[in-house]
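Undergrad: Sharing a structure with you now.
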Amino acid sequence: MKIKLIIIGLLLWSSSFAQKGMKSIDATFKAYKSIDNVTFLEVSDEMFCMLAEADHTPPELRAYYKQLDSLKMLELRGQQGDPVQSLYQKFLADTDLEGFSRLMVAESAGDNMSFLKNKSGSNKNEFLLVSDNAVIYVAGEIDLKSIQEFQRVLAIAGTAMAGH
Amino acid sequence: MTNNNSKLAGFLDGTRDLEDLLAEENLASEEQDFIQGYREVIQARSEEVGMPDFDPLKKLKESSRARTLKVRTIFYAAAAVVVIAFTIGTIWKSQQAGASMSSDYSPKELARLQDDTSYALLTMSEKLNGSLAQLDLMKELGRPFKAFEVPQKLTPKN
């Protein structure tokens with residue numbers, strides 16, 4: 001009887017230990033957005049629809065916005081590179097990325113970047129970019145090619161982000 | 001004749017039945033007429049009585065059927081009204097929500113949101129294109145690119 005209780009206790013302890021620190025992407029974004037030196041941006045499906053229908057939106061961007069379901073971004077302001085742990089390391093350590101495939105990893109001192117993808121539907125994908133100073137999550141009817149092409153789309157739309 | 005009369009008398013008395021009488025041969029003409037007449041009376045009686053085509057619950061059933069039909073019609077009409085009202089309400093609500101959402105943001109705020117969205121997408125696009133360009137360059141230079149891993153399926157960490 002004692003042995004059974006010990007085994008059950010060990011199983012419960014190990015399962016709680018296994019889940020410790022692993023959050024969903026949404027939960028990690030929510031947890032990080034309240035950090036002082038972090039800028040958070042979230043655009044929902046409804047907002048993308050509204051942006052696509054806004055009068056001043058160029059037609060090229062309209063088509064692009066209609067493909068998107070969700071966008072989330074965390075960006076470190078000011079001092080970059082946490083002396084204790086960088087955003088890159090912390091986000092990857094805290095987030096449950098089950099189902100995601102790591103498409104690309106570039107790691108060197110002070111310049112880390114991971115690019116991940118999860119197929120979430122027949123023609124829907126989730127992309128996650130994690131770097132030292134920013135985490136960007138995009139979901140929708142998009143693929144790698146459409147992400148690559150955004151630079152060109154924006155150039156055509158003539159709304160380059162000079163201010164940023 | 002006397003014998004035949006006694007046969008008929010026996011039948012009339014009830015001591016003989018019709019089958020016995022019919023089985024008899026050499027019946028007198030008046031006895032045959034009696035049997036014929038008796039048969040006709042039985043046939044006429046059976047036709048007259050027959051199976052009555054009368055249903056005492058007919059009117060009740062008809063009124064019940066009419067009432068069921070009426071209730072069903074009212075139910076379908078009510079359901080149609082509810083569905084139409086719900087559809088109109090949903091459309092109106094979504095239009096109101098869309099209108100209020102649009103009106104919640106000024107053109108300046110919308111432009112800002114668009115800028116921020118474009119910035120996020122542009123950052124992602126640039127990082128991806130930059131990394132791919134770097135990968136190409138490393139390939140051209142023949143340098144090992146051990147820092148790049150393409151692709152790798154992630155497993156949950158324990």
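Quick note on naming: the chains in the structure tokens go A, B, ... in the order shown, residues restart at 1 in each chain, and ligands are numbered from 1 in order of appearance.
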Tell me the residues of chain A close to chain B, meaning within 7 Å using only C-alpha atoms, as a PyMOL selection string.

TA: chain A and resi 18+51+73+96-107+129+136+147-148+150-151+161

Undergrad: Suppose you want the space between CA of Met113 in chain A and CA of Val130 in chain A; what is it in Å?

TA: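 Answer for the CA of Met113 in chain A to CA of Val130 in chain A separation: 5.6 Å.
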
Undergrad: Interatomic distance between CA of Asn125 in chain A and CA of Leu92 in chain A?

TA: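 Going from CA of Asn125 in chain A over to CA of Leu92 in chain A covers 19.2 Å.
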
Undergrad: As a compact mmCIF listing (two decimals) with all heavy atoms, in the first residue's frame, which residues of range 47-161 of chain A does DSSP assign to alpha helix (DSSP H)?

TA:
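Output file part13.txt is given in full below:
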# COMPACT_ATOMS: atom_id res chain seq x y z
N MET A 47 -10.12 43.05 -36.52
CA MET A 47 -9.36 44.27 -36.82
C MET A 47 -8.76 44.20 -38.23
O MET A 47 -8.70 45.21 -38.93
CB MET A 47 -8.23 44.47 -35.79
CG MET A 47 -8.70 44.92 -34.44
SD MET A 47 -9.57 46.49 -34.48
CE MET A 47 -8.22 47.61 -34.60
N PHE A 48 -8.33 43.02 -38.63
CA PHE A 48 -7.79 42.87 -39.99
C PHE A 48 -8.89 43.15 -41.01
O PHE A 48 -8.62 43.79 -42.04
CB PHE A 48 -7.21 41.47 -40.19
CG PHE A 48 -5.79 41.34 -39.73
CD1 PHE A 48 -5.43 40.43 -38.77
CD2 PHE A 48 -4.80 42.16 -40.27
CE1 PHE A 48 -4.12 40.31 -38.33
CE2 PHE A 48 -3.47 42.06 -39.85
CZ PHE A 48 -3.14 41.13 -38.87
N CYS A 49 -10.11 42.68 -40.71
CA CYS A 49 -11.24 42.96 -41.62
C CYS A 49 -11.47 44.47 -41.70
O CYS A 49 -11.70 45.02 -42.78
CB CYS A 49 -12.52 42.28 -41.10
SG CYS A 49 -12.51 40.52 -41.36
N MET A 50 -11.41 45.11 -40.54
CA MET A 50 -11.65 46.55 -40.50
C MET A 50 -10.55 47.31 -41.27
O MET A 50 -10.84 48.23 -42.03
CB MET A 50 -11.69 47.02 -39.05
CG MET A 50 -12.46 48.29 -38.84
SD MET A 50 -12.50 48.68 -37.10
CE MET A 50 -10.84 49.25 -36.86
N LEU A 51 -9.30 46.87 -41.06
CA LEU A 51 -8.19 47.50 -41.77
C LEU A 51 -8.33 47.30 -43.28
O LEU A 51 -8.05 48.21 -44.07
CB LEU A 51 -6.85 46.93 -41.31
CG LEU A 51 -6.32 47.43 -39.96
CD1 LEU A 51 -5.05 46.67 -39.58
CD2 LEU A 51 -6.02 48.92 -40.00
N ALA A 52 -8.77 46.09 -43.66
CA ALA A 52 -8.93 45.79 -45.09
C ALA A 52 -10.01 46.66 -45.72
O ALA A 52 -9.95 46.97 -46.91
CB ALA A 52 -9.26 44.31 -45.27
N GLU A 53 -11.01 47.04 -44.90
CA GLU A 53 -12.12 47.82 -45.44
C GLU A 53 -11.94 49.33 -45.25
O GLU A 53 -12.78 50.10 -45.72
CB GLU A 53 -13.43 47.36 -44.79
CG GLU A 53 -13.88 46.00 -45.31
CD GLU A 53 -14.94 45.34 -44.44
OE1 GLU A 53 -15.50 46.04 -43.57
OE2 GLU A 53 -15.18 44.14 -44.63
N PRO A 59 -4.97 48.89 -52.09
CA PRO A 59 -5.54 47.60 -52.49
C PRO A 59 -4.62 46.41 -52.27
O PRO A 59 -5.08 45.32 -51.94
CB PRO A 59 -5.85 47.79 -53.98
CG PRO A 59 -5.31 49.09 -54.38
CD PRO A 59 -4.99 49.88 -53.15
N GLU A 60 -3.30 46.62 -52.41
CA GLU A 60 -2.35 45.50 -52.21
C GLU A 60 -2.38 45.01 -50.76
O GLU A 60 -2.34 43.82 -50.49
CB GLU A 60 -0.91 45.94 -52.56
CG GLU A 60 -0.68 46.30 -54.00
CD GLU A 60 -1.12 47.72 -54.33
OE1 GLU A 60 -1.44 48.49 -53.40
OE2 GLU A 60 -1.16 48.05 -55.53
N LEU A 61 -2.46 45.99 -49.84
CA LEU A 61 -2.50 45.62 -48.43
C LEU A 61 -3.84 45.04 -48.04
O LEU A 61 -3.93 44.16 -47.19
CB LEU A 61 -2.21 46.85 -47.55
CG LEU A 61 -0.76 47.27 -47.46
CD1 LEU A 61 -0.61 48.49 -46.56
CD2 LEU A 61 0.10 46.15 -46.91
N ARG A 62 -4.89 45.54 -48.69
CA ARG A 62 -6.24 44.99 -48.44
C ARG A 62 -6.26 43.48 -48.63
O ARG A 62 -6.74 42.73 -47.78
CB ARG A 62 -7.23 45.61 -49.43
CG ARG A 62 -8.12 46.65 -48.81
CD ARG A 62 -8.90 47.33 -49.88
NE ARG A 62 -8.80 48.75 -49.62
CZ ARG A 62 -9.80 49.58 -49.70
NH1 ARG A 62 -10.96 49.14 -50.10
NH2 ARG A 62 -9.65 50.85 -49.41
N ALA A 63 -5.75 43.06 -49.78
CA ALA A 63 -5.73 41.63 -50.11
C ALA A 63 -4.89 40.87 -49.08
O ALA A 63 -5.24 39.76 -48.68
CB ALA A 63 -5.16 41.43 -51.51
N TYR A 64 -3.80 41.48 -48.65
CA TYR A 64 -2.91 40.83 -47.69
C TYR A 64 -3.59 40.70 -46.32
O TYR A 64 -3.54 39.64 -45.69
CB TYR A 64 -1.62 41.63 -47.56
CG TYR A 64 -0.45 40.79 -47.09
CD1 TYR A 64 0.38 40.14 -48.01
CD2 TYR A 64 -0.19 40.62 -45.75
CE1 TYR A 64 1.43 39.35 -47.59
CE2 TYR A 64 0.87 39.83 -45.32
CZ TYR A 64 1.68 39.21 -46.24
OH TYR A 64 2.73 38.42 -45.82
N TYR A 65 -4.22 41.78 -45.87
CA TYR A 65 -4.88 41.77 -44.56
C TYR A 65 -6.00 40.72 -44.50
O TYR A 65 -6.24 40.12 -43.46
CB TYR A 65 -5.48 43.14 -44.24
CG TYR A 65 -4.46 44.20 -43.92
CD1 TYR A 65 -4.73 45.54 -44.14
CD2 TYR A 65 -3.23 43.87 -43.35
CE1 TYR A 65 -3.80 46.53 -43.83
CE2 TYR A 65 -2.30 44.85 -43.05
CZ TYR A 65 -2.59 46.18 -43.29
OH TYR A 65 -1.66 47.13 -42.99
N LYS A 66 -6.68 40.55 -45.64
CA LYS A 66 -7.81 39.60 -45.65
C LYS A 66 -7.35 38.15 -45.42
O LYS A 66 -8.13 37.31 -45.01
CB LYS A 66 -8.57 39.69 -46.98
CG LYS A 66 -9.53 40.87 -47.00
CD LYS A 66 -10.26 40.98 -48.31
CE LYS A 66 -11.15 42.21 -48.31
NZ LYS A 66 -11.73 42.48 -49.62
N GLN A 67 -6.08 37.90 -45.70
CA GLN A 67 -5.55 36.53 -45.50
C GLN A 67 -5.21 36.25 -44.03
O GLN A 67 -5.03 35.12 -43.64
CB GLN A 67 -4.25 36.35 -46.30
CG GLN A 67 -4.44 36.49 -47.80
CD GLN A 67 -3.10 36.43 -48.52
OE1 GLN A 67 -2.06 36.69 -47.94
NE2 GLN A 67 -3.14 36.08 -49.78
N LEU A 87 15.22 37.78 -24.33
CA LEU A 87 13.83 37.48 -24.70
C LEU A 87 13.78 36.17 -25.49
O LEU A 87 12.89 35.36 -25.30
CB LEU A 87 13.27 38.65 -25.53
CG LEU A 87 11.84 38.51 -26.00
CD1 LEU A 87 10.86 38.49 -24.84
CD2 LEU A 87 11.46 39.66 -26.95
N TYR A 88 14.77 36.00 -26.34
CA TYR A 88 14.85 34.81 -27.19
C TYR A 88 14.87 33.53 -26.35
O TYR A 88 14.04 32.64 -26.52
CB TYR A 88 16.12 34.91 -28.05
CG TYR A 88 16.39 33.70 -28.91
CD1 TYR A 88 15.73 33.54 -30.12
CD2 TYR A 88 17.32 32.74 -28.52
CE1 TYR A 88 15.98 32.42 -30.91
CE2 TYR A 88 17.57 31.63 -29.31
CZ TYR A 88 16.90 31.48 -30.50
OH TYR A 88 17.15 30.38 -31.28
N GLN A 89 15.80 33.51 -25.40
CA GLN A 89 15.93 32.29 -24.58
C GLN A 89 14.73 32.08 -23.68
O GLN A 89 14.22 30.97 -23.54
CB GLN A 89 17.20 32.38 -23.71
CG GLN A 89 18.46 32.27 -24.53
CD GLN A 89 19.68 32.71 -23.76
OE1 GLN A 89 19.60 33.54 -22.85
NE2 GLN A 89 20.83 32.17 -24.11
N LYS A 90 14.24 33.19 -23.10
CA LYS A 90 13.14 33.11 -22.14
C LYS A 90 11.86 32.65 -22.83
O LYS A 90 11.14 31.79 -22.31
CB LYS A 90 12.94 34.47 -21.47
CG LYS A 90 12.11 34.42 -20.23
CD LYS A 90 12.24 35.73 -19.45
CE LYS A 90 11.15 35.86 -18.40
NZ LYS A 90 11.03 34.71 -17.52
N PHE A 91 11.58 33.23 -23.99
CA PHE A 91 10.33 32.88 -24.70
C PHE A 91 10.34 31.40 -25.10
O PHE A 91 9.35 30.69 -24.91
CB PHE A 91 10.16 33.77 -25.93
CG PHE A 91 8.79 33.65 -26.56
CD1 PHE A 91 7.77 34.52 -26.21
CD2 PHE A 91 8.52 32.65 -27.48
CE1 PHE A 91 6.50 34.40 -26.76
CE2 PHE A 91 7.26 32.53 -28.05
CZ PHE A 91 6.25 33.41 -27.68
N LEU A 92 11.45 30.96 -25.65
CA LEU A 92 11.52 29.56 -26.08
C LEU A 92 11.47 28.59 -24.89
O LEU A 92 10.93 27.49 -25.01
CB LEU A 92 12.79 29.31 -26.90
CG LEU A 92 12.82 29.96 -28.29
CD1 LEU A 92 14.13 29.66 -28.98
CD2 LEU A 92 11.66 29.47 -29.17
N ALA A 93 12.00 29.03 -23.76
CA ALA A 93 11.99 28.17 -22.58
C ALA A 93 10.60 28.10 -21.94
O ALA A 93 10.22 27.08 -21.38
CB ALA A 93 13.01 28.67 -21.57
N ASP A 94 9.86 29.21 -22.04
CA ASP A 94 8.56 29.30 -21.35
C ASP A 94 7.39 28.77 -22.17
O ASP A 94 6.33 28.49 -21.62
CB ASP A 94 8.25 30.77 -21.00
CG ASP A 94 9.10 31.26 -19.84
OD1 ASP A 94 9.80 30.43 -19.25
OD2 ASP A 94 9.05 32.47 -19.54
N LEU A 144 5.11 30.66 -46.41
CA LEU A 144 6.42 31.31 -46.35
C LEU A 144 6.59 32.35 -47.45
O LEU A 144 7.14 33.42 -47.24
CB LEU A 144 7.52 30.25 -46.49
CG LEU A 144 8.08 29.66 -45.20
CD1 LEU A 144 9.13 28.63 -45.54
CD2 LEU A 144 8.68 30.74 -44.32
N LYS A 145 6.07 32.00 -48.64
CA LYS A 145 6.22 32.89 -49.78
C LYS A 145 5.52 34.23 -49.53
O LYS A 145 6.05 35.29 -49.84
CB LYS A 145 5.64 32.20 -51.03
CG LYS A 145 6.16 32.78 -52.31
CD LYS A 145 5.58 32.05 -53.49
CE LYS A 145 5.90 32.78 -54.78
NZ LYS A 145 5.22 32.19 -55.92
N SER A 146 4.31 34.13 -48.95
CA SER A 146 3.58 35.38 -48.72
C SER A 146 4.26 36.24 -47.66
O SER A 146 4.18 37.47 -47.70
CB SER A 146 2.10 35.12 -48.39
OG SER A 146 1.96 34.18 -47.38
N ILE A 147 4.94 35.59 -46.70
CA ILE A 147 5.69 36.38 -45.71
C ILE A 147 6.89 37.05 -46.37
O ILE A 147 7.17 38.23 -46.15
CB ILE A 147 6.14 35.50 -44.52
CG1 ILE A 147 4.90 35.09 -43.71
CG2 ILE A 147 7.12 36.24 -43.63
CD1 ILE A 147 5.20 34.22 -42.53
N GLN A 148 7.58 36.29 -47.20
CA GLN A 148 8.72 36.85 -47.93
C GLN A 148 8.29 38.04 -48.80
O GLN A 148 8.99 39.03 -48.92
CB GLN A 148 9.33 35.79 -48.84
CG GLN A 148 10.32 34.87 -48.16
CD GLN A 148 10.95 33.94 -49.17
OE1 GLN A 148 10.38 32.90 -49.47
NE2 GLN A 148 12.09 34.32 -49.70
N GLU A 149 7.10 37.91 -49.39
CA GLU A 149 6.64 38.92 -50.35
C GLU A 149 6.13 40.20 -49.70
O GLU A 149 5.86 41.17 -50.40
CB GLU A 149 5.52 38.32 -51.22
CG GLU A 149 6.05 37.44 -52.33
CD GLU A 149 4.94 36.82 -53.15
OE1 GLU A 149 3.77 36.93 -52.75
OE2 GLU A 149 5.26 36.20 -54.17
N PHE A 150 5.97 40.18 -48.36
CA PHE A 150 5.37 41.37 -47.74
C PHE A 150 6.21 42.63 -47.98
O PHE A 150 5.66 43.71 -48.19
CB PHE A 150 5.14 41.15 -46.24
CG PHE A 150 4.38 42.29 -45.62
CD1 PHE A 150 3.02 42.43 -45.84
CD2 PHE A 150 5.02 43.26 -44.86
CE1 PHE A 150 2.31 43.49 -45.31
CE2 PHE A 150 4.33 44.31 -44.32
CZ PHE A 150 2.97 44.44 -44.54
N GLN A 151 7.52 42.48 -47.96
CA GLN A 151 8.40 43.62 -48.23
C GLN A 151 8.04 44.26 -49.57
O GLN A 151 7.92 45.48 -49.69
CB GLN A 151 9.85 43.13 -48.29
CG GLN A 151 10.64 43.42 -47.03
CD GLN A 151 12.10 43.06 -47.18
OE1 GLN A 151 12.42 41.92 -47.52
NE2 GLN A 151 12.98 44.00 -46.94
N ARG A 152 7.86 43.40 -50.58
CA ARG A 152 7.54 43.87 -51.93
C ARG A 152 6.13 44.48 -51.97
O ARG A 152 5.90 45.52 -52.56
CB ARG A 152 7.63 42.70 -52.91
CG ARG A 152 7.59 43.08 -54.37
CD ARG A 152 7.74 41.85 -55.26
NE ARG A 152 6.75 40.82 -54.97
CZ ARG A 152 5.50 40.85 -55.44
NH1 ARG A 152 5.10 41.82 -56.22
NH2 ARG A 152 4.65 39.88 -55.14
N VAL A 153 5.19 43.81 -51.25
CA VAL A 153 3.81 44.31 -51.22
C VAL A 153 3.77 45.70 -50.62
O VAL A 153 3.10 46.61 -51.14
CB VAL A 153 2.90 43.34 -50.40
CG1 VAL A 153 1.54 43.95 -50.15
CG2 VAL A 153 2.75 42.02 -51.11
N LEU A 154 4.53 45.86 -49.54
CA LEU A 154 4.55 47.15 -48.86
C LEU A 154 5.21 48.22 -49.74
O LEU A 154 4.78 49.38 -49.77
CB LEU A 154 5.29 47.02 -47.53
CG LEU A 154 4.98 48.09 -46.50
CD1 LEU A 154 3.52 48.06 -46.11
CD2 LEU A 154 5.84 47.89 -45.27
N ALA A 155 6.24 47.80 -50.46
CA ALA A 155 6.92 48.74 -51.37
C ALA A 155 5.95 49.18 -52.46
O ALA A 155 5.88 50.37 -52.80
CB ALA A 155 8.15 48.08 -51.97
N ILE A 156 5.21 48.23 -52.98
CA ILE A 156 4.22 48.56 -54.02
C ILE A 156 3.15 49.46 -53.44
O ILE A 156 2.72 50.43 -54.06
CB ILE A 156 3.58 47.26 -54.60
CG1 ILE A 156 4.63 46.46 -55.37
CG2 ILE A 156 2.40 47.59 -55.51
CD1 ILE A 156 4.20 45.06 -55.74
N ALA A 157 2.70 49.15 -52.23
CA ALA A 157 1.66 49.97 -51.61
C ALA A 157 2.17 51.37 -51.29
O ALA A 157 1.39 52.29 -51.07
CB ALA A 157 1.17 49.29 -50.35

Undergrad: May I ask for the distance between CA of Ser34 in chain A and CA of Leu74 in chain A, given in Å to one decimal place?

TA: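 It comes out at 10.4 Å.
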